[in-house]
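Okay, so here's the structure we're looking at.
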Amino acid sequence: MSDTSEQAEEVRDGSPGKAGDGLPGGGGGSSDDERDRRRAAWRASGRTLWRGSVNEPVGERLAALAADAASVYDVDGWADVYGDGVVAELERRVAALLGFPAAVFFPTGTMAQQVALRCWAGRTGNPVVALHPLAHPEVHEGGALSAVSGLRTVRATGEPRLPTAGEIQELAEPFGTLMLELPLRDAGFVLPTWDELVAVVDAARARDAVVHFDGARLWECASHFGRPLAEIAGLADSVYLSFYKSLDALSGAVLVGPETLVEEARVWRHRYGGQLFQQYPAALSALLGLERELPRLPSYVAHARVVAAALAEGLAESAVPWFRVHPEPPHTHQFQVWLPYDREVLNEAGVRQAEETKVTLFRLWREAVAGPPGVSVTEVTVAEAGLEWSAEDVKAAVADFVRRVTG
(Lines give C-alpha, C1' and ligand atoms only; values in the text may rest on other atoms or scores of the structure.)
Protein backbone atom coordinates (compact mmCIF):
# COMPACT_ATOMS: atom_id res chain seq x y z
CA MET A 1 0.00 0.00 0.00
CA SER A 2 1.32 3.46 -0.84
CA ASP A 3 1.96 6.03 1.89
CA THR A 4 -0.97 8.10 0.63
CA SER A 5 -3.35 5.13 0.72
CA GLU A 6 -2.20 4.19 4.21
CA GLN A 7 -2.71 7.74 5.46
CA ALA A 8 -6.23 7.83 4.03
CA GLU A 9 -6.97 4.48 5.66
CA GLU A 10 -5.87 5.90 9.01
CA VAL A 11 -8.50 8.60 8.80
CA ARG A 12 -11.32 6.43 7.44
CA ASP A 13 -10.60 3.46 9.66
CA GLY A 14 -9.16 5.07 12.76
CA SER A 15 -10.17 8.05 14.86
CA PRO A 16 -10.98 11.48 13.44
CA GLY A 17 -7.66 12.89 12.35
CA LYS A 18 -5.58 14.08 9.49
CA ALA A 19 -4.10 12.14 6.60
CA GLY A 20 -0.65 11.37 7.90
CA ASP A 21 -1.80 11.37 11.52
CA GLY A 22 -1.11 7.65 11.82
CA LEU A 23 -0.73 6.23 15.28
CA PRO A 24 2.82 5.86 16.52
CA GLY A 25 4.21 2.69 15.13
CA GLY A 26 4.77 0.94 11.89
CA GLY A 27 2.60 0.03 9.02
CA GLY A 28 -0.77 -1.38 9.62
CA GLY A 29 -1.53 -1.38 5.93
CA SER A 30 -3.91 -3.95 4.55
CA SER A 31 -5.44 -5.03 1.29
CA ASP A 32 -8.37 -3.24 -0.28
CA ASP A 33 -10.59 -6.23 0.53
CA GLU A 34 -9.67 -6.09 4.21
CA ARG A 35 -10.31 -2.35 4.38
CA ASP A 36 -13.66 -2.75 2.63
CA ARG A 37 -14.58 -5.53 5.03
CA ARG A 38 -13.82 -3.35 8.06
CA ARG A 39 -15.71 -0.35 6.75
CA ALA A 40 -18.74 -2.47 5.82
CA ALA A 41 -18.79 -4.01 9.30
CA TRP A 42 -18.49 -0.67 11.05
CA ARG A 43 -21.11 0.99 8.87
CA ALA A 44 -23.55 -1.85 9.59
CA SER A 45 -22.94 -1.67 13.35
CA GLY A 46 -25.90 -0.55 15.38
CA ARG A 47 -23.65 0.45 18.26
CA THR A 48 -20.35 2.29 17.98
CA LEU A 49 -18.48 4.88 20.05
CA TRP A 50 -17.88 7.19 17.08
CA ARG A 51 -19.52 7.43 13.69
CA GLY A 52 -17.77 10.00 11.53
CA SER A 53 -19.22 11.39 8.33
CA VAL A 54 -15.93 10.57 6.59
CA ASN A 55 -17.31 7.04 6.29
CA GLU A 56 -20.49 8.15 4.52
CA PRO A 57 -20.92 7.88 0.73
CA VAL A 58 -20.35 11.04 -1.33
CA GLY A 59 -24.02 11.42 -2.19
CA GLU A 60 -25.10 11.32 1.46
CA ARG A 61 -22.54 13.93 2.49
CA LEU A 62 -23.53 16.28 -0.33
CA ALA A 63 -27.23 15.88 0.42
CA ALA A 64 -26.71 16.53 4.13
CA LEU A 65 -24.64 19.66 3.44
CA ALA A 66 -27.23 21.00 1.00
CA ALA A 67 -30.05 20.33 3.45
CA ASP A 68 -28.38 21.90 6.48
CA ALA A 69 -26.27 24.79 5.15
CA ALA A 70 -29.11 27.34 5.21
CA SER A 71 -29.28 27.03 9.00
CA VAL A 72 -25.87 28.71 9.35
CA TYR A 73 -25.50 30.94 6.27
CA ASP A 74 -27.58 32.66 3.61
CA VAL A 75 -27.21 30.20 0.75
CA ASP A 76 -29.15 32.44 -1.64
CA GLY A 77 -26.12 34.71 -1.84
CA TRP A 78 -23.16 34.33 -4.18
CA ALA A 79 -20.52 31.69 -3.61
CA ASP A 80 -17.10 32.74 -2.36
CA VAL A 81 -14.28 33.77 -4.67
CA TYR A 82 -10.70 33.70 -3.36
CA GLY A 83 -11.71 33.89 0.27
CA ASP A 84 -14.63 36.30 0.45
CA GLY A 85 -18.27 35.49 1.20
CA VAL A 86 -18.82 32.49 3.42
CA VAL A 87 -15.08 32.01 3.96
CA ALA A 88 -14.72 35.56 5.29
CA GLU A 89 -17.78 35.05 7.48
CA LEU A 90 -16.24 31.88 8.94
CA GLU A 91 -13.05 33.80 9.69
CA ARG A 92 -15.00 36.54 11.46
CA ARG A 93 -16.94 34.08 13.61
CA VAL A 94 -13.87 32.13 14.67
CA ALA A 95 -11.86 35.26 15.50
CA ALA A 96 -14.71 36.49 17.70
CA LEU A 97 -15.16 33.09 19.35
CA LEU A 98 -11.48 32.84 20.26
CA GLY A 99 -11.07 36.49 21.21
CA PHE A 100 -8.51 37.38 18.54
CA PRO A 101 -8.51 40.43 16.25
CA ALA A 102 -8.34 38.41 13.03
CA ALA A 103 -8.40 34.94 11.47
CA VAL A 104 -7.44 33.42 8.12
CA PHE A 105 -8.80 30.23 6.57
CA PHE A 106 -6.38 27.63 5.18
CA PRO A 107 -7.13 24.51 3.13
CA THR A 108 -4.88 22.44 5.43
CA GLY A 109 -3.57 22.68 8.94
CA THR A 110 -0.07 21.75 7.82
CA MET A 111 0.02 24.86 5.64
CA ALA A 112 -1.50 27.08 8.32
CA GLN A 113 1.00 26.04 10.92
CA GLN A 114 4.04 26.31 8.67
CA VAL A 115 2.98 29.79 7.62
CA ALA A 116 2.46 30.87 11.24
CA LEU A 117 5.86 29.61 12.35
CA ARG A 118 7.55 31.14 9.31
CA CYS A 119 5.95 34.51 9.99
CA TRP A 120 7.02 34.45 13.63
CA ALA A 121 10.58 33.51 12.66
CA GLY A 122 10.75 36.59 10.46
CA ARG A 123 9.41 38.81 13.22
CA THR A 124 11.62 37.45 16.02
CA GLY A 125 14.70 37.11 13.84
CA ASN A 126 15.17 33.55 15.14
CA PRO A 127 14.29 30.54 12.92
CA VAL A 128 14.45 28.05 15.82
CA VAL A 129 11.17 26.51 17.00
CA ALA A 130 11.04 24.70 20.34
CA LEU A 131 8.54 21.85 20.28
CA HIS A 132 7.91 18.27 21.36
CA PRO A 133 9.47 15.43 19.33
CA LEU A 134 5.96 13.90 19.01
CA ALA A 135 4.46 17.16 17.73
CA HIS A 136 2.77 17.04 14.35
CA PRO A 137 5.48 18.86 12.34
CA GLU A 138 8.12 16.47 13.64
CA VAL A 139 6.23 13.25 12.95
CA HIS A 140 3.70 13.78 10.19
CA GLU A 141 4.89 16.49 7.80
CA GLY A 142 7.95 15.00 6.10
CA GLY A 143 10.40 17.51 7.54
CA ALA A 144 8.55 20.40 5.91
CA LEU A 145 9.52 23.01 8.51
CA SER A 146 13.16 22.77 7.42
CA ALA A 147 12.70 21.65 3.81
CA VAL A 148 10.06 24.23 2.86
CA SER A 149 10.22 26.99 5.44
CA GLY A 150 13.89 27.06 6.41
CA LEU A 151 13.16 26.58 10.10
CA ARG A 152 15.02 24.48 12.64
CA THR A 153 13.57 22.68 15.64
CA VAL A 154 14.83 21.92 19.12
CA ARG A 155 13.21 19.45 21.49
CA ALA A 156 11.64 20.99 24.54
CA THR A 157 11.45 17.60 26.30
CA GLY A 158 11.71 13.91 25.52
CA GLU A 159 9.00 12.86 27.97
CA PRO A 160 5.57 11.75 26.66
CA ARG A 161 3.90 14.93 27.92
CA LEU A 162 3.98 18.65 27.31
CA PRO A 163 7.17 20.42 28.50
CA THR A 164 7.40 22.00 31.93
CA ALA A 165 8.36 25.59 32.68
CA GLY A 166 11.67 24.35 34.07
CA GLU A 167 12.48 22.53 30.84
CA ILE A 168 11.75 25.66 28.84
CA GLN A 169 13.92 27.75 31.13
CA GLU A 170 16.79 25.27 30.85
CA LEU A 171 16.87 24.90 27.06
CA ALA A 172 20.47 25.56 26.14
CA GLU A 173 19.72 27.22 22.82
CA PRO A 174 17.80 30.44 22.17
CA PHE A 175 14.54 29.94 20.26
CA GLY A 176 12.17 32.38 18.63
CA THR A 177 8.92 30.43 19.00
CA LEU A 178 7.60 27.84 21.42
CA MET A 179 5.01 25.59 19.76
CA LEU A 180 2.70 23.62 22.03
CA GLU A 181 0.38 20.94 20.63
CA LEU A 182 -2.80 20.91 22.73
CA PRO A 183 -3.59 18.09 23.25
CA LEU A 184 -0.43 16.17 22.33
CA ARG A 185 -2.04 13.44 20.25
CA ASP A 186 0.72 10.91 19.80
CA ALA A 187 1.40 10.84 23.54
CA GLY A 188 -2.25 9.93 24.18
CA PHE A 189 -4.14 13.22 23.70
CA VAL A 190 -2.51 14.54 26.87
CA LEU A 191 -2.74 18.03 28.34
CA PRO A 192 -0.98 19.85 31.17
CA THR A 193 -2.88 21.43 34.04
CA TRP A 194 -3.95 25.04 33.63
CA ASP A 195 -1.28 26.28 36.04
CA GLU A 196 1.37 24.24 34.22
CA LEU A 197 0.30 25.70 30.87
CA VAL A 198 0.41 29.25 32.20
CA ALA A 199 3.86 28.64 33.68
CA VAL A 200 5.21 27.24 30.40
CA VAL A 201 3.91 30.24 28.45
CA ASP A 202 5.43 32.62 31.00
CA ALA A 203 8.75 30.78 30.80
CA ALA A 204 8.83 31.16 27.02
CA ARG A 205 8.02 34.86 27.22
CA ALA A 206 10.76 35.31 29.81
CA ARG A 207 13.14 34.06 27.11
CA ASP A 208 11.80 36.64 24.62
CA ALA A 209 10.01 33.95 22.58
CA VAL A 210 6.50 34.02 21.15
CA VAL A 211 4.06 31.19 21.80
CA HIS A 212 2.08 29.37 19.12
CA PHE A 213 -0.53 26.72 19.89
CA ASP A 214 -1.05 23.77 17.58
CA GLY A 215 -4.67 23.68 18.61
CA ALA A 216 -5.93 21.31 15.93
CA ARG A 217 -8.01 19.73 18.70
CA LEU A 218 -8.21 22.73 21.02
CA TRP A 219 -11.99 22.75 20.68
CA GLU A 220 -12.34 19.89 23.19
CA CYS A 221 -9.82 21.18 25.76
CA ALA A 222 -12.15 23.52 27.63
CA SER A 223 -13.48 20.81 29.96
CA HIS A 224 -10.01 19.76 31.10
CA PHE A 225 -8.83 23.30 31.78
CA GLY A 226 -12.13 24.52 33.18
CA ARG A 227 -11.80 27.68 31.11
CA PRO A 228 -13.58 29.04 28.02
CA LEU A 229 -11.90 28.64 24.66
CA ALA A 230 -11.07 32.34 24.39
CA GLU A 231 -9.18 32.29 27.69
CA ILE A 232 -7.19 29.20 26.69
CA ALA A 233 -6.34 30.51 23.23
CA GLY A 234 -5.57 33.93 24.68
CA LEU A 235 -2.45 32.58 26.37
CA ALA A 236 -0.80 32.25 22.94
CA ASP A 237 0.30 34.79 20.37
CA SER A 238 -1.30 32.70 17.61
CA VAL A 239 -3.36 29.52 17.38
CA TYR A 240 -4.12 27.07 14.58
CA LEU A 241 -7.31 24.99 14.76
CA SER A 242 -8.69 22.24 12.54
CA PHE A 243 -12.31 22.14 11.40
CA TYR A 244 -12.62 18.46 10.54
CA LYS A 245 -10.97 16.61 13.41
CA SER A 246 -13.41 17.41 16.18
CA LEU A 247 -16.07 19.42 14.35
CA ASP A 248 -16.61 16.86 11.55
CA ALA A 249 -16.27 19.38 8.72
CA LEU A 250 -15.19 18.41 5.21
CA SER A 251 -11.73 19.98 5.52
CA GLY A 252 -9.95 23.19 6.35
CA ALA A 253 -8.20 25.00 9.18
CA VAL A 254 -7.91 28.47 10.62
CA LEU A 255 -5.09 30.59 12.02
CA VAL A 256 -5.95 33.30 14.54
CA GLY A 257 -3.64 36.04 15.72
CA PRO A 258 -2.87 39.76 15.56
CA GLU A 259 -4.13 41.57 12.46
CA THR A 260 -0.62 42.20 11.12
CA LEU A 261 0.32 38.54 11.46
CA VAL A 262 -2.91 37.40 9.79
CA GLU A 263 -2.39 39.78 6.85
CA GLU A 264 1.15 38.48 6.39
CA ALA A 265 -0.19 34.92 6.62
CA ARG A 266 -2.59 35.65 3.76
CA VAL A 267 0.38 36.59 1.58
CA TRP A 268 2.20 33.40 2.47
CA ARG A 269 -0.96 31.34 1.96
CA HIS A 270 -0.99 32.54 -1.64
CA ARG A 271 2.71 31.75 -2.04
CA TYR A 272 2.19 28.25 -0.65
CA GLY A 273 -0.63 27.57 -3.12
CA GLY A 274 -3.46 27.84 -0.62
CA GLN A 275 -5.40 30.69 -2.24
CA LEU A 276 -8.12 28.44 -3.64
CA PHE A 277 -10.72 29.79 -6.04
CA GLN A 278 -13.76 28.54 -4.10
CA GLN A 279 -14.04 26.79 -0.76
CA TYR A 280 -17.70 27.18 0.18
CA PRO A 281 -18.39 23.45 0.84
CA ALA A 282 -15.59 23.28 3.41
CA ALA A 283 -16.51 26.65 4.93
CA LEU A 284 -20.21 25.78 5.21
CA SER A 285 -19.42 22.44 6.85
CA ALA A 286 -17.11 24.25 9.29
CA LEU A 287 -19.91 26.64 10.25
CA LEU A 288 -22.17 23.64 10.81
CA GLY A 289 -19.49 22.09 13.01
CA LEU A 290 -19.28 25.25 15.10
CA GLU A 291 -23.06 25.29 15.43
CA ARG A 292 -23.64 21.60 16.13
CA GLU A 293 -20.54 19.74 17.29
CA LEU A 294 -18.76 22.39 19.35
CA PRO A 295 -21.53 22.66 21.98
CA ARG A 296 -21.62 18.86 22.29
CA LEU A 297 -17.92 18.35 22.94
CA PRO A 298 -18.12 18.76 26.74
CA SER A 299 -20.65 15.90 26.87
CA TYR A 300 -18.32 13.76 24.75
CA VAL A 301 -15.40 14.49 27.08
CA ALA A 302 -17.47 13.67 30.16
CA HIS A 303 -18.70 10.39 28.70
CA ALA A 304 -15.21 9.44 27.50
CA ARG A 305 -14.25 9.26 31.16
CA VAL A 306 -17.12 6.87 31.81
CA VAL A 307 -16.11 4.73 28.82
CA ALA A 308 -12.42 4.71 29.76
CA ALA A 309 -13.17 3.66 33.35
CA ALA A 310 -15.46 0.87 32.14
CA LEU A 311 -12.84 -0.29 29.63
CA ALA A 312 -10.24 -0.47 32.37
CA GLU A 313 -12.60 -2.34 34.68
CA GLY A 314 -13.62 -4.76 31.95
CA LEU A 315 -10.05 -5.46 30.89
CA ALA A 316 -8.99 -5.96 34.52
CA GLU A 317 -11.69 -8.60 34.88
CA SER A 318 -10.75 -10.30 31.59
CA ALA A 319 -8.14 -12.85 30.59
CA VAL A 320 -5.67 -10.34 29.14
CA PRO A 321 -2.32 -10.48 30.98
CA TRP A 322 -1.72 -6.74 30.78
CA PHE A 323 -3.38 -3.59 29.49
CA ARG A 324 -3.15 0.18 29.68
CA VAL A 325 -5.81 2.84 29.26
CA HIS A 326 -4.02 6.14 28.80
CA PRO A 327 -4.48 8.75 30.11
CA GLU A 328 -6.76 7.68 32.90
CA PRO A 329 -9.03 9.57 33.13
CA PRO A 330 -8.91 10.94 29.57
CA HIS A 331 -8.09 14.63 29.14
CA THR A 332 -10.35 14.96 26.08
CA HIS A 333 -12.90 12.74 24.33
CA GLN A 334 -10.05 10.66 22.86
CA PHE A 335 -7.57 8.33 24.54
CA GLN A 336 -5.40 5.28 23.95
CA VAL A 337 -5.74 1.59 24.83
CA TRP A 338 -2.67 -0.68 24.82
CA LEU A 339 -2.75 -4.50 24.72
CA PRO A 340 0.01 -7.16 24.51
CA TYR A 341 -1.09 -8.76 21.22
CA ASP A 342 -0.15 -8.39 17.57
CA ARG A 343 -2.23 -5.87 15.70
CA GLU A 344 -3.45 -8.51 13.23
CA VAL A 345 -5.01 -10.52 16.06
CA LEU A 346 -6.71 -7.48 17.55
CA ASN A 347 -7.96 -6.13 14.23
CA GLU A 348 -9.45 -9.50 13.30
CA ALA A 349 -11.17 -9.76 16.69
CA GLY A 350 -12.57 -6.26 16.28
CA VAL A 351 -13.98 -6.75 12.81
CA ARG A 352 -15.47 -10.13 13.72
CA GLN A 353 -17.18 -8.57 16.71
CA ALA A 354 -18.65 -5.88 14.47
CA GLU A 355 -19.78 -8.39 11.84
CA GLU A 356 -21.30 -10.89 14.25
CA THR A 357 -22.76 -8.66 16.97
CA LYS A 358 -23.20 -5.30 15.16
CA VAL A 359 -21.12 -3.70 17.93
CA THR A 360 -17.93 -1.78 17.14
CA LEU A 361 -15.80 -1.27 20.24
CA PHE A 362 -12.30 -0.80 18.81
CA ARG A 363 -11.40 0.24 15.30
CA LEU A 364 -7.86 0.16 13.96
CA TRP A 365 -4.98 -1.22 16.03
CA ARG A 366 -1.34 -0.34 15.29
CA GLU A 367 1.96 -1.74 16.39
CA ALA A 368 3.25 0.41 19.24
CA VAL A 369 6.50 2.25 18.72
CA ALA A 370 7.41 2.20 22.41
CA GLY A 371 7.69 -1.19 24.04
CA PRO A 372 8.59 -4.72 23.02
CA PRO A 373 7.27 -6.46 19.88
CA GLY A 374 3.73 -7.73 20.15
CA VAL A 375 2.34 -4.66 21.90
CA SER A 376 -0.38 -2.76 20.02
CA VAL A 377 -2.22 0.51 20.59
CA THR A 378 -5.51 1.94 19.40
CA GLU A 379 -7.19 5.30 19.74
CA VAL A 380 -10.71 5.46 21.17
CA THR A 381 -12.97 8.38 20.28
CA VAL A 382 -16.25 8.99 22.10
CA ALA A 383 -18.69 11.18 20.18
CA GLU A 384 -22.46 11.42 19.78
CA ALA A 385 -22.96 7.72 19.04
CA GLY A 386 -20.96 6.83 22.16
CA LEU A 387 -23.31 8.70 24.48
CA GLU A 388 -25.73 5.77 24.21
CA TRP A 389 -23.24 3.38 25.85
CA SER A 390 -23.56 2.69 29.56
CA ALA A 391 -20.64 1.42 31.59
CA GLU A 392 -22.22 -2.03 31.54
CA ASP A 393 -22.51 -1.89 27.75
CA VAL A 394 -18.80 -1.16 27.54
CA LYS A 395 -17.85 -3.98 29.90
CA ALA A 396 -20.01 -6.46 27.99
CA ALA A 397 -18.38 -5.43 24.70
CA VAL A 398 -14.92 -5.76 26.28
CA ALA A 399 -15.67 -9.27 27.50
CA ASP A 400 -16.89 -10.30 24.06
CA PHE A 401 -13.86 -8.72 22.36
CA VAL A 402 -11.37 -10.40 24.68
CA ARG A 403 -12.98 -13.81 24.14
CA ARG A 404 -12.34 -13.38 20.43
CA VAL A 405 -8.70 -12.44 21.12
CA THR A 406 -7.86 -15.16 23.62
CA GLY A 407 -10.18 -17.91 22.40
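Just so we're on the same page: first chain in the C-alpha coordinates is A, next is B, and so on; residues restart at 1 for each chain, and ligands are numbered from 1 in the order they show up.
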Q: Within 8 Å of stretch 134-138 of chain A, counting only C-alpha atoms, which residues show up once you throw out same-chain ones fewer than 6 positions away? Write them as a ChimeraX atom specification, please.
A: /A:21,110,144-145,160,180-181,184-187
**Q.** Those of stretch 70-181 of chain A in DSSP strand (DSSP E or B), formatted as a list of chain:residue names
**A.**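 DSSP on the backbone gives strand (DSSP E or B) at A:Ala102, A:Ala103, A:Val104, A:Phe105, A:Phe106, A:Val128, A:Val129, A:Ala130, A:Leu131, A:Arg152, A:Thr153, A:Val154, A:Arg155, A:Thr177, A:Leu178, A:Met179, A:Leu180, A:Glu181.
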(Q) So, with only C-alpha atoms as the atoms that count, which of A:Leu218, A:Ala69, A:Val345, A:Leu182 lies closest to A:Leu131? (A) A:Leu182
Q: Might you pull out every residue within 9 Å of A:Pro133, with only C-alpha atoms counted and same-chain residues fewer than 6 positions away left off, and present them as a PyMOL selection string?
A: chain A and resi 139+154-158
Q: May I ask which of the residues A:Leu97, A:Val104, A:Ala209, A:Ala112 is the closest one to A:Gly83, counting only C-alpha atoms?
A: A:Val104
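Between A:Ala102 and the candidates A:Leu287, A:Leu151, A:Val254, A:Val58, the tightest atom-to-atom separation, counting only C-alpha atoms, involves A:Val254.
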Q.
Which residues are close to A:Ala233, i.e. within 9 Å by only C-alpha atoms, leaving aside same-chain residues fewer than 2 positions away? Reply as JSON, numbers by chain.
A. {"A": [98, 99, 100, 213, 215, 218, 228, 229, 230, 231, 235, 236, 237, 238, 239]}
Residues of stretch 171-198 of chain A within 8 Å of stretch 314-337 of chain A: nearest atom pair and distance (Å, one decimal) for each, counting only C-alpha atoms, sorted by chain and number, as a tab-separated table?
residue	atom	partner	partner_atom	distance
A:Pro183	CA	A:Thr332	CA	8.0
A:Gly188	CA	A:Phe335	CA	5.6
A:Phe189	CA	A:Phe335	CA	6.0
A:Val190	CA	A:His331	CA	6.0
A:Leu191	CA	A:His331	CA	6.4
Q) Using the chain letters and numbers from this document, which residues of stretch 150-386 of chain A does DSSP assign to helix (DSSP H, G or I), as a VMD selection string? A) chain A and resid 165 to 170 185 to 187 194 to 206 218 to 225 229 to 233 259 to 271 280 to 292 294 to 316 343 to 357 384 to 386
Applying 10 Å and only C-alpha atoms, which residues near A:Gly46 remain after dropping the ones on its own chain fewer than 6 positions away? List them as a short mmCIF file (atom, residue, chain, number, x, y, z; two decimals) with N, CA and C atoms, in the first residue's frame.
data_model
loop_
_atom_site.label_atom_id
_atom_site.label_comp_id
_atom_site.auth_asym_id
_atom_site.auth_seq_id
_atom_site.Cartn_x
_atom_site.Cartn_y
_atom_site.Cartn_z
N ALA A 354 -17.73 -6.78 15.17
CA ALA A 354 -18.65 -5.88 14.47
C ALA A 354 -19.56 -6.65 13.51
N THR A 357 -21.90 -9.21 15.91
CA THR A 357 -22.76 -8.66 16.97
C THR A 357 -23.30 -7.27 16.65
N LYS A 358 -22.82 -6.67 15.53
CA LYS A 358 -23.20 -5.30 15.16
C LYS A 358 -22.78 -4.29 16.23
N VAL A 359 -21.70 -4.60 16.93
CA VAL A 359 -21.12 -3.70 17.93
C VAL A 359 -19.68 -3.43 17.55
N THR A 360 -19.32 -2.16 17.39
CA THR A 360 -17.93 -1.78 17.14
C THR A 360 -17.38 -1.12 18.40
N ALA A 385 -22.50 9.11 18.99
CA ALA A 385 -22.96 7.72 19.04
C ALA A 385 -22.56 7.04 20.35
#
Q | For A:Thr378: contacts at 9 Å, only C-alpha atoms, fewer than 5 positions along chain excluded, given as a list in words | A | Gly14, Ser15, Leu23, Phe335, Gln336, Val337, Trp338, Leu339, Phe362, Arg363, Leu364, Trp365, Arg366, Glu367 and Ala368 of chain A
Q. With distances taken over only C-alpha atoms, which of A:Arg47, A:His270, A:His224, A:Arg403 is nearest to A:Phe105?
A.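 Of the candidates, the smallest distance to A:Phe105 is held by A:His270.
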Could the residues of stretch 67-177 of chain A that have an atom at most 7 Å from stretch 275-279 of chain A be listed as JSON lines, each with its closest atom pair and the distance in Å to one decimal, counting only C-alpha atoms and ordered by chain and ascending residue number?
{"residue": "A:Asp80", "atom": "CA", "partner": "A:Gln278", "partner_atom": "CA", "distance": 5.6}
{"residue": "A:Val81", "atom": "CA", "partner": "A:Gln278", "partner_atom": "CA", "distance": 5.3}
{"residue": "A:Tyr82", "atom": "CA", "partner": "A:Phe277", "partner_atom": "CA", "distance": 4.7}
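Counting from atom CA of A:Leu178, the distance to atom CA of A:Glu91 is 24.5 Å.
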Q: Calculate how many Å separate atom CA of A:Arg38 from atom CA of A:Glu293, rounding to one decimal.
A: 25.8 Å
Q: Compare A:Arg207, A:Ala391, A:Phe225, A:Tyr240 by their minimum atom-to-atom distance to A:Glu170, counting only C-alpha atoms, and give me the closest one.
A: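 Going through A:Arg207, A:Ala391, A:Phe225, A:Tyr240 one by one, the smallest distance to A:Glu170 is for A:Arg207.
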Q) Closest to A:Leu288 among A:Leu65, A:Ala130, A:Val115, A:Leu311, using only C-alpha atoms? A)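 The answer is A:Leu65, which sits nearest to A:Leu288.
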(Q) So that I can see what lies close to A:Gly109, please list as a PyMOL selection string the residues with an atom at most 8 Å from it, counting only C-alpha atoms and leaving out residues fewer than 5 positions away in the same chain. (A) chain A and resi 216+240-242+252-254
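Coordinates place atom CA of A:Gln353 at a distance of 19.3 Å from atom CA of A:Gly52.
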